[in-house]
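Q: What follows is the file entry-v4.cif, containing mmCIF, C-alpha atoms:
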data_query
#
loop_
_atom_site.label_atom_id
_atom_site.label_comp_id
_atom_site.auth_asym_id
_atom_site.auth_seq_id
_atom_site.Cartn_x
_atom_site.Cartn_y
_atom_site.Cartn_z
CA MET K 4 -64.88 -117.08 10.01
CA ILE K 5 -68.68 -117.15 10.27
CA ALA K 6 -70.42 -114.29 12.06
CA ALA K 7 -74.13 -113.93 12.83
CA PRO K 8 -75.84 -110.79 11.49
CA PRO K 9 -77.49 -108.45 14.03
CA GLY K 10 -80.56 -110.10 15.54
CA PHE K 11 -79.28 -113.62 14.89
CA ARG K 12 -77.51 -116.14 17.09
CA LEU K 13 -74.62 -118.34 15.97
CA LEU K 14 -74.47 -121.88 17.36
CA ARG K 15 -71.52 -124.14 16.57
CA HIS K 16 -71.07 -127.86 17.09
CA GLY K 17 -68.38 -129.66 15.15
CA ALA K 18 -68.64 -128.89 11.46
CA VAL K 19 -72.16 -127.44 11.91
CA ALA K 20 -72.88 -123.72 12.08
CA ALA K 21 -76.50 -122.73 12.79
CA ILE K 22 -77.45 -119.07 12.44
CA LEU K 23 -80.91 -118.50 13.91
CA ASP K 24 -83.12 -115.48 14.45
CA GLU K 25 -83.10 -114.72 18.17
CA ALA K 26 -86.90 -114.94 18.22
CA ILE K 27 -86.86 -118.63 17.22
CA ALA K 28 -83.40 -119.80 18.26
CA ASP K 29 -84.33 -121.68 21.43
CA GLY K 30 -87.46 -123.22 19.94
CA ALA K 31 -85.67 -124.20 16.74
CA VAL K 32 -82.92 -126.01 18.64
CA ALA K 33 -85.50 -127.76 20.83
CA ALA K 34 -87.21 -128.95 17.64
CA GLY K 35 -83.94 -130.25 16.21
CA LEU K 36 -83.78 -127.72 13.41
CA ASP K 37 -80.05 -127.32 13.93
CA ARG K 38 -79.87 -130.86 12.48
CA PRO K 39 -82.25 -130.48 9.52
CA TRP K 40 -80.77 -133.37 7.52
CA GLU K 41 -82.45 -135.72 9.99
CA LYS K 42 -85.92 -134.40 9.12
CA VAL K 43 -86.09 -133.29 5.49
CA ARG K 44 -87.83 -135.51 2.95
CA PRO K 45 -87.81 -135.46 -0.88
CA ARG K 46 -90.33 -133.13 -2.43
CA PRO K 47 -93.25 -134.58 -4.37
CA ALA K 48 -92.91 -134.70 -8.13
CA GLY K 49 -94.54 -131.96 -10.15
CA ALA K 50 -94.14 -128.47 -11.50
CA GLY K 51 -93.05 -125.78 -9.09
CA THR K 52 -92.25 -127.97 -6.11
CA GLY K 53 -88.59 -127.00 -6.02
CA ARG K 54 -85.51 -129.18 -5.89
CA GLY K 55 -84.29 -129.59 -2.35
CA PRO K 56 -85.70 -131.91 0.31
CA CYS K 57 -87.91 -130.03 2.77
CA PHE K 58 -90.39 -130.24 5.64
CA VAL K 59 -92.68 -128.05 7.75
CA ALA K 60 -91.80 -127.76 11.45
CA GLN K 61 -93.96 -126.45 14.27
CA LEU K 62 -92.29 -125.06 17.37
CA GLU K 63 -93.71 -125.41 20.87
CA ASP K 64 -95.12 -121.88 20.72
CA GLY K 65 -97.05 -122.74 17.55
CA THR K 66 -94.70 -121.02 15.11
CA LYS K 67 -94.57 -122.84 11.78
CA LEU K 68 -91.37 -122.89 9.77
CA PHE K 69 -90.47 -124.19 6.33
CA VAL K 70 -87.10 -125.94 6.18
CA LYS K 71 -85.36 -126.84 2.93
CA GLN K 72 -82.00 -128.04 1.71
CA TYR K 73 -80.35 -125.91 -0.94
CA LEU K 74 -79.49 -127.88 -4.07
CA ARG K 75 -77.88 -126.60 -7.22
CA GLY K 76 -79.69 -126.47 -10.54
CA GLY K 77 -78.52 -126.27 -14.12
CA ALA K 78 -75.43 -128.02 -15.46
CA VAL K 79 -73.44 -127.38 -12.28
CA ARG K 80 -75.64 -129.85 -10.39
CA LEU K 81 -73.89 -132.68 -12.26
CA VAL K 82 -70.62 -131.75 -10.56
CA ASN K 83 -71.54 -130.48 -7.10
CA HIS K 84 -75.23 -131.12 -6.58
CA ASP K 85 -75.46 -130.22 -2.89
CA ARG K 86 -72.23 -128.31 -2.26
CA TYR K 87 -71.51 -124.61 -2.35
CA PHE K 88 -68.02 -123.19 -2.22
CA GLY K 89 -69.06 -119.92 -0.59
CA ARG K 90 -71.40 -118.81 2.18
CA ALA K 91 -72.06 -115.24 1.10
CA ARG K 92 -75.31 -115.88 -0.79
CA PHE K 93 -76.89 -117.56 2.22
CA LEU K 94 -75.80 -114.95 4.72
CA ARG K 95 -76.99 -112.25 2.33
CA GLU K 96 -80.42 -113.93 2.15
CA LEU K 97 -80.91 -113.32 5.88
CA ALA K 98 -80.32 -109.59 5.38
CA VAL K 99 -82.36 -109.35 2.17
CA GLY K 100 -85.38 -111.02 3.74
CA ARG K 101 -85.27 -108.77 6.78
CA ALA K 102 -84.97 -105.63 4.64
CA ALA K 103 -87.84 -106.70 2.38
CA ARG K 104 -90.12 -107.44 5.33
CA ALA K 105 -89.23 -104.10 6.92
CA ALA K 106 -90.27 -102.43 3.67
CA GLY K 107 -93.66 -104.13 3.89
CA LEU K 108 -93.11 -106.61 1.08
CA PRO K 109 -94.81 -110.02 1.33
CA VAL K 110 -91.80 -112.35 1.31
CA GLY K 111 -91.12 -115.76 2.79
CA GLU K 112 -88.37 -114.39 4.99
CA THR K 113 -85.50 -116.78 5.77
CA ILE K 114 -84.85 -116.55 9.51
CA GLY K 115 -82.42 -119.41 9.95
CA LEU K 116 -79.50 -121.02 8.19
CA VAL K 117 -77.59 -124.22 8.87
CA LEU K 118 -74.22 -124.74 7.22
CA VAL K 119 -72.25 -127.98 7.39
CA GLY K 120 -68.63 -128.16 6.28
CA ALA K 121 -68.37 -130.64 3.40
CA ARG K 122 -64.65 -130.53 2.53
CA PRO K 123 -64.65 -128.95 0.07
CA GLY K 124 -67.40 -126.40 0.44
CA TRP K 125 -70.62 -126.39 2.44
CA ARG K 126 -73.99 -128.05 2.48
CA ALA K 127 -76.75 -125.63 3.40
CA TRP K 128 -80.30 -125.61 4.75
CA GLY K 129 -82.61 -122.61 5.08
CA ILE K 130 -85.37 -122.00 7.63
CA ALA K 131 -88.15 -119.61 6.60
CA ARG K 132 -91.46 -118.44 7.96
CA TYR K 133 -94.16 -120.81 6.74
CA VAL K 134 -96.86 -119.17 4.62
CA GLU K 135 -100.01 -120.91 5.83
CA GLY K 136 -102.50 -122.02 3.20
CA ALA K 137 -100.38 -121.02 0.21
CA GLU K 138 -99.23 -122.98 -2.84
CA ASP K 139 -96.83 -122.00 -5.59
CA LEU K 140 -98.26 -120.68 -8.84
CA ALA K 141 -96.93 -123.55 -10.95
CA ARG K 142 -98.79 -126.15 -8.90
CA LEU K 143 -101.96 -124.05 -8.64
CA ILE K 144 -102.18 -123.55 -12.40
CA ALA K 145 -101.26 -127.18 -13.11
CA ASN K 146 -104.11 -128.22 -10.82
CA GLY K 147 -106.66 -126.15 -12.72
CA ALA K 148 -106.58 -122.67 -11.19
CA GLU K 149 -107.34 -119.89 -13.66
CA ALA K 150 -103.99 -118.60 -14.86
CA ALA K 151 -104.87 -115.04 -15.90
CA PRO K 152 -105.69 -113.54 -12.47
CA LEU K 153 -102.69 -115.27 -10.91
CA TRP K 154 -100.44 -113.94 -13.67
CA ARG K 155 -101.76 -110.39 -13.28
CA ALA K 156 -101.25 -110.57 -9.52
CA ALA K 157 -97.71 -111.89 -10.04
CA LEU K 158 -96.78 -108.99 -12.32
CA ALA K 159 -98.32 -106.51 -9.89
CA LEU K 160 -96.28 -107.96 -7.02
CA LEU K 161 -93.08 -107.86 -9.06
CA ALA K 162 -93.74 -104.22 -9.92
CA ARG K 163 -94.19 -103.49 -6.22
CA CYS K 164 -90.97 -105.34 -5.33
CA HIS K 165 -89.02 -103.57 -8.05
CA GLU K 166 -90.26 -100.16 -6.95
CA ALA K 167 -89.17 -100.92 -3.36
CA GLY K 168 -85.75 -102.15 -4.48
CA LEU K 169 -85.97 -105.95 -4.32
CA GLU K 170 -84.35 -107.71 -7.27
CA HIS K 171 -85.02 -111.46 -7.62
CA PRO K 172 -83.01 -112.77 -10.61
CA ASP K 173 -84.18 -116.37 -10.10
CA MET K 174 -87.86 -115.54 -10.54
CA ASN K 175 -90.04 -118.46 -11.61
CA LEU K 176 -93.55 -119.75 -10.91
CA GLY K 177 -92.26 -121.92 -8.08
CA ASN K 178 -90.94 -118.85 -6.25
CA LEU K 179 -94.35 -117.20 -6.01
CA LEU K 180 -96.94 -118.45 -3.53
CA ALA K 181 -100.63 -117.58 -3.55
CA ARG K 182 -103.53 -117.92 -1.15
CA ARG K 183 -106.90 -116.34 -0.45
CA GLY K 184 -107.01 -113.83 2.38
CA ALA K 185 -109.70 -113.74 5.06
CA ASP K 186 -111.68 -111.29 2.93
CA GLY K 187 -111.38 -113.48 -0.16
CA SER K 188 -108.73 -111.35 -1.82
CA LEU K 189 -105.78 -112.95 -3.58
CA GLU K 190 -102.48 -112.71 -1.69
CA LEU K 191 -99.10 -113.45 -3.28
CA PHE K 192 -95.71 -113.94 -1.64
CA VAL K 193 -92.15 -114.03 -2.99
CA VAL K 194 -89.96 -116.84 -1.64
CA ASP K 195 -86.46 -118.30 -2.14
CA LEU K 196 -84.43 -115.13 -1.79
CA ASP K 197 -80.98 -116.73 -1.79
CA ARG K 198 -80.08 -115.09 -5.10
CA ALA K 199 -82.01 -111.88 -4.47
CA ARG K 200 -80.48 -108.45 -3.90
CA TRP K 201 -81.83 -105.62 -1.81
CA ARG K 202 -81.04 -102.48 -3.80
CA GLY K 203 -82.94 -100.11 -1.52
CA ALA K 204 -84.06 -97.97 -4.48
CA PRO K 205 -86.31 -98.55 -7.51
CA LEU K 206 -84.80 -100.86 -10.11
CA ASP K 207 -84.02 -99.52 -13.54
CA PRO K 208 -86.26 -100.63 -16.44
CA LYS K 209 -83.66 -103.04 -17.82
CA LYS K 210 -83.44 -105.00 -14.57
CA ARG K 211 -87.22 -105.04 -14.19
CA ALA K 212 -87.68 -106.37 -17.69
CA LYS K 213 -85.07 -109.08 -17.14
CA VAL K 214 -86.88 -110.42 -14.06
CA VAL K 215 -90.24 -110.43 -15.84
CA ALA K 216 -88.68 -112.19 -18.85
CA ARG K 217 -87.32 -114.86 -16.52
CA LEU K 218 -90.83 -115.41 -15.11
CA GLU K 219 -92.29 -115.63 -18.61
CA ARG K 220 -89.66 -118.19 -19.57
CA SER K 221 -90.62 -120.23 -16.51
CA TYR K 222 -94.27 -120.23 -17.62
CA ARG K 223 -93.39 -121.37 -21.14
CA LYS K 224 -91.09 -124.10 -19.84
CA ILE K 225 -93.72 -125.56 -17.50
CA PHE K 226 -96.86 -125.18 -19.59
CA GLY K 227 -95.57 -125.04 -23.17
CA ALA K 228 -97.55 -121.88 -23.88
CA GLU K 229 -97.25 -118.14 -23.62
CA PRO K 230 -98.34 -116.58 -20.31
CA PRO K 231 -101.76 -114.89 -20.36
CA ASN K 232 -100.54 -111.33 -20.90
CA ASP K 233 -103.25 -108.85 -21.81
CA ALA K 234 -103.99 -105.17 -21.77
CA THR K 235 -104.93 -105.27 -18.07
CA SER K 236 -101.64 -106.79 -16.92
CA PRO K 237 -99.42 -104.38 -14.96
CA ALA K 238 -96.39 -103.27 -16.96
CA ALA K 239 -93.80 -104.67 -14.54
CA GLY K 240 -90.73 -103.34 -16.25
CA ARG K 241 -92.17 -103.14 -19.76
#
As a first step, turn the structure in this file into structure tokens.

A:
Amino acid sequence: MIAAPPGFRLLRHGAVAAILDEAIADGAVAAGLDRPWEKVRPRPAGAGTGRGPCFVAQLEDGTKLFVKQYLRGGAVRLVNHDRYFGRARFLRELAVGRAARAAGLPVGETIGLVLVGARPGWRAWGIARYVEGAEDLARLIANGAEAAPLWRAALALLARCHEAGLEHPDMNLGNLLARRGADGSLELFVVDLDRARWRGAPLDPKKRAKVVARLERSYRKIFGAEPPNDATSPAAGR
């Protein structure tokens, strides 16, 4: 039995279950976002672009949303590439994003979810607030952006998230977006919260270090070099 969390609306038609934030539900349906498989397109090749097909939608009121299909990674993708045998992680993402935003953290909050029965399992699509003017760190660095200030900002943001109680075990350069603010300052955002947990209290040092190590591994995998750690980098879990 699927139930919508508080503040969300559940819409059912056939094997499709759409769970949409009340603030966007009508507009999302009018834009066809309860049938996202008709609109998503493969992502461009390149570091940090993610796996699942995606697209950017604009509602009639001007709201921009980022829609993506969830696809499995790792060895399991060879068996069930686009199927998930449980719904809990996706429903949890709705709650985690809302809690993180309420705590003032800059996250790409998921405000919609579409699940389609696949027999067995489910295919899933997420709908998140679009972060205007931002690109992921992997693509920015690959395109020539200076890595050191982006890396320092990433560690500072992780430290802030960890202190607030957000744990993101799937942290990589593709899950951090950056843009310049109106005053020229660097703004970073955490996205893809489907594996994240909202602990509601500061994380212990071991968990903090594990997330940072995962981000460092991502940097080495993409660029074949150590990340630009230096004495000025925040000690996010060190």

Q: Could you name the residues that touch K:Val110 at 6 Å or less, counting all atoms listed in the file, but leaving out those on the same chain fewer than 2 positions away, as a PDB file with C-alpha atoms, in the coordinates of the input?

A:
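Full text of result-v2.pdb as output:
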ATOM      1  CA  LEU K 108     -93.110-106.610   1.080  1.00  0.00           C
ATOM      2  CA  GLU K 112     -88.370-114.390   4.990  1.00  0.00           C
ATOM      3  CA  PHE K 192     -95.710-113.940  -1.640  1.00  0.00           C
ATOM      4  CA  VAL K 193     -92.150-114.030  -2.990  1.00  0.00           C
ATOM      5  CA  VAL K 194     -89.960-116.840  -1.640  1.00  0.00           C
TER       6      VAL K 194
END

Q: In Å, rounded to a single decimal, give me how far atom CA of K:Ala98 is from atom CA of K:Ala159.

A: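 Atom-to-atom, atom CA of K:Ala159 to atom CA of K:Ala98, that is 23.8 Å.
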
Q: In terms of the shortest atom-to-atom distance over all atoms listed in the file, which of K:Lys67, K:Arg15, K:Arg182, K:Arg104 is closest to K:Val117?

A: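 With all atoms listed in the file as the atom set, the closest residue is K:Arg15.
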
Q: Quick one: distance from atom CA of K:Glu219 to atom CA of K:Ala156 in Å, one decimal?

A: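 Interatomic distance, atom CA of K:Glu219 to atom CA of K:Ala156: 13.7 Å.
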
Q: Which residue, K:Ala150, K:Val59, K:Ala157, K:Ile114, has the smallest gap to K:Arg12 when you use all atoms listed in the file?

A: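 Going through K:Ala150, K:Val59, K:Ala157, K:Ile114 one by one, the smallest distance to K:Arg12 is for K:Ile114.
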
Q: Stretch 174-183 of chain K, all listed atoms, 5 Å padding on each side: what axis-aligned box centre and edge lengths in Å to one decimal come out, as JSON?

A:
{"center_x": -97.4, "center_y": -118.7, "center_z": -6.0, "size_x": 29.0, "size_y": 16.4, "size_z": 21.2}

Q: Using only C-alpha atoms, find all polymer residues with an atom at most 9 Å away from the point (-72.4, -123.5, 12.4); report them as a list in words.

A: Ile5, Leu13, Leu14, Arg15, His16, Gly17, Ala18, Val19, Ala20, Ala21, Ile22, Asp37, Leu116, Val117, Leu118, Val119 and Gly120 of chain K

Q: Pick out the closest residue to K:Arg211 from this set: K:Leu191, K:Asp186, K:Gly177, K:Pro172. Count only C-alpha atoms.

A: K:Pro172

Q: Just the number, please: distance in Å from atom CA of K:Ala106 to atom CA of K:Ala162, one decimal.

A: 14.1 Å

Q: When you count all atoms listed in the file, which of these residues is closest to K:Leu143: K:Ala121, K:Ile130, K:Cys164, K:Leu179?

A: K:Leu179

Q: Run the PyMOL selection byres ((chain K and resi 178) around 12) mentally over the shown coordinates, then write out the matched residues as an NGL selection string, using the chain letters and numbers from the document.

A: :K and (50-54 or 110-111 or 137-142 or 157 or 161 or 171-177 or 179-181 or 191-199 or 217-218 or 221-222)

Q: Within 9 Å of (-73.6, -130.5, -2.5) (file coordinates; only C-alpha atoms), which protein or nucleic acid residues are there? I'd like them as a PyMOL selection string.

A: chain K and resi 73-75+80+82-87+121+124-127

Q: What would the file look like if the residues just selected were written as a PDB file, keeping the file's coordinate frame with C-alpha atoms?

A:
ATOM      1  CA  TYR K  73     -80.350-125.910  -0.940  1.00  0.00           C
ATOM      2  CA  LEU K  74     -79.490-127.880  -4.070  1.00  0.00           C
ATOM      3  CA  ARG K  75     -77.880-126.600  -7.220  1.00  0.00           C
ATOM      4  CA  ARG K  80     -75.640-129.850 -10.390  1.00  0.00           C
ATOM      5  CA  VAL K  82     -70.620-131.750 -10.560  1.00  0.00           C
ATOM      6  CA  ASN K  83     -71.540-130.480  -7.100  1.00  0.00           C
ATOM      7  CA  HIS K  84     -75.230-131.120  -6.580  1.00  0.00           C
ATOM      8  CA  ASP K  85     -75.460-130.220  -2.890  1.00  0.00           C
ATOM      9  CA  ARG K  86     -72.230-128.310  -2.260  1.00  0.00           C
ATOM     10  CA  TYR K  87     -71.510-124.610  -2.350  1.00  0.00           C
ATOM     11  CA  ALA K 121     -68.370-130.640   3.400  1.00  0.00           C
ATOM     12  CA  GLY K 124     -67.400-126.400   0.440  1.00  0.00           C
ATOM     13  CA  TRP K 125     -70.620-126.390   2.440  1.00  0.00           C
ATOM     14  CA  ARG K 126     -73.990-128.050   2.480  1.00  0.00           C
ATOM     15  CA  ALA K 127     -76.750-125.630   3.400  1.00  0.00           C
TER      16      ALA K 127
END

Q: Would you write out, as a PyMOL selection string, every residue that the PyMOL selection byres ((chain K and resi 10) around 6) captures in this file?

A: chain K and resi 9+11+25

Q: Between K:Phe58, K:Ile144, K:Val99, K:Pro152, which has the minimum distance to K:Ile225 (counting all atoms listed in the file)?

A: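 The answer is K:Ile144, which sits nearest to K:Ile225.
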
Q: Identify all residues satisfying the PyMOL selection byres ((chain K and resi 65) around 12) in the given file; provide them as a PyMOL selection string.

A: chain K and resi 27+30-31+34+59-64+66-68+132-133

Q: The selected residues should be written to file as a tab-separated table (two decimals), in the frame of the given file (atoms: C-alpha atoms).

A:
chain	number	residue	atom	x	y	z
K	27	ILE	CA	-86.86	-118.63	17.22
K	30	GLY	CA	-87.46	-123.22	19.94
K	31	ALA	CA	-85.67	-124.20	16.74
K	34	ALA	CA	-87.21	-128.95	17.64
K	59	VAL	CA	-92.68	-128.05	7.75
K	60	ALA	CA	-91.80	-127.76	11.45
K	61	GLN	CA	-93.96	-126.45	14.27
K	62	LEU	CA	-92.29	-125.06	17.37
K	63	GLU	CA	-93.71	-125.41	20.87
K	64	ASP	CA	-95.12	-121.88	20.72
K	66	THR	CA	-94.70	-121.02	15.11
K	67	LYS	CA	-94.57	-122.84	11.78
K	68	LEU	CA	-91.37	-122.89	9.77
K	132	ARG	CA	-91.46	-118.44	7.96
K	133	TYR	CA	-94.16	-120.81	6.74

Q: Restricting the calculation to all atoms listed in the file, which member of K:Glu96, K:Glu149, K:Glu229, K:Glu190 is positioned closest to K:Pro109?

A: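 Counting all atoms listed in the file, the residue closest to K:Pro109 is K:Glu190.
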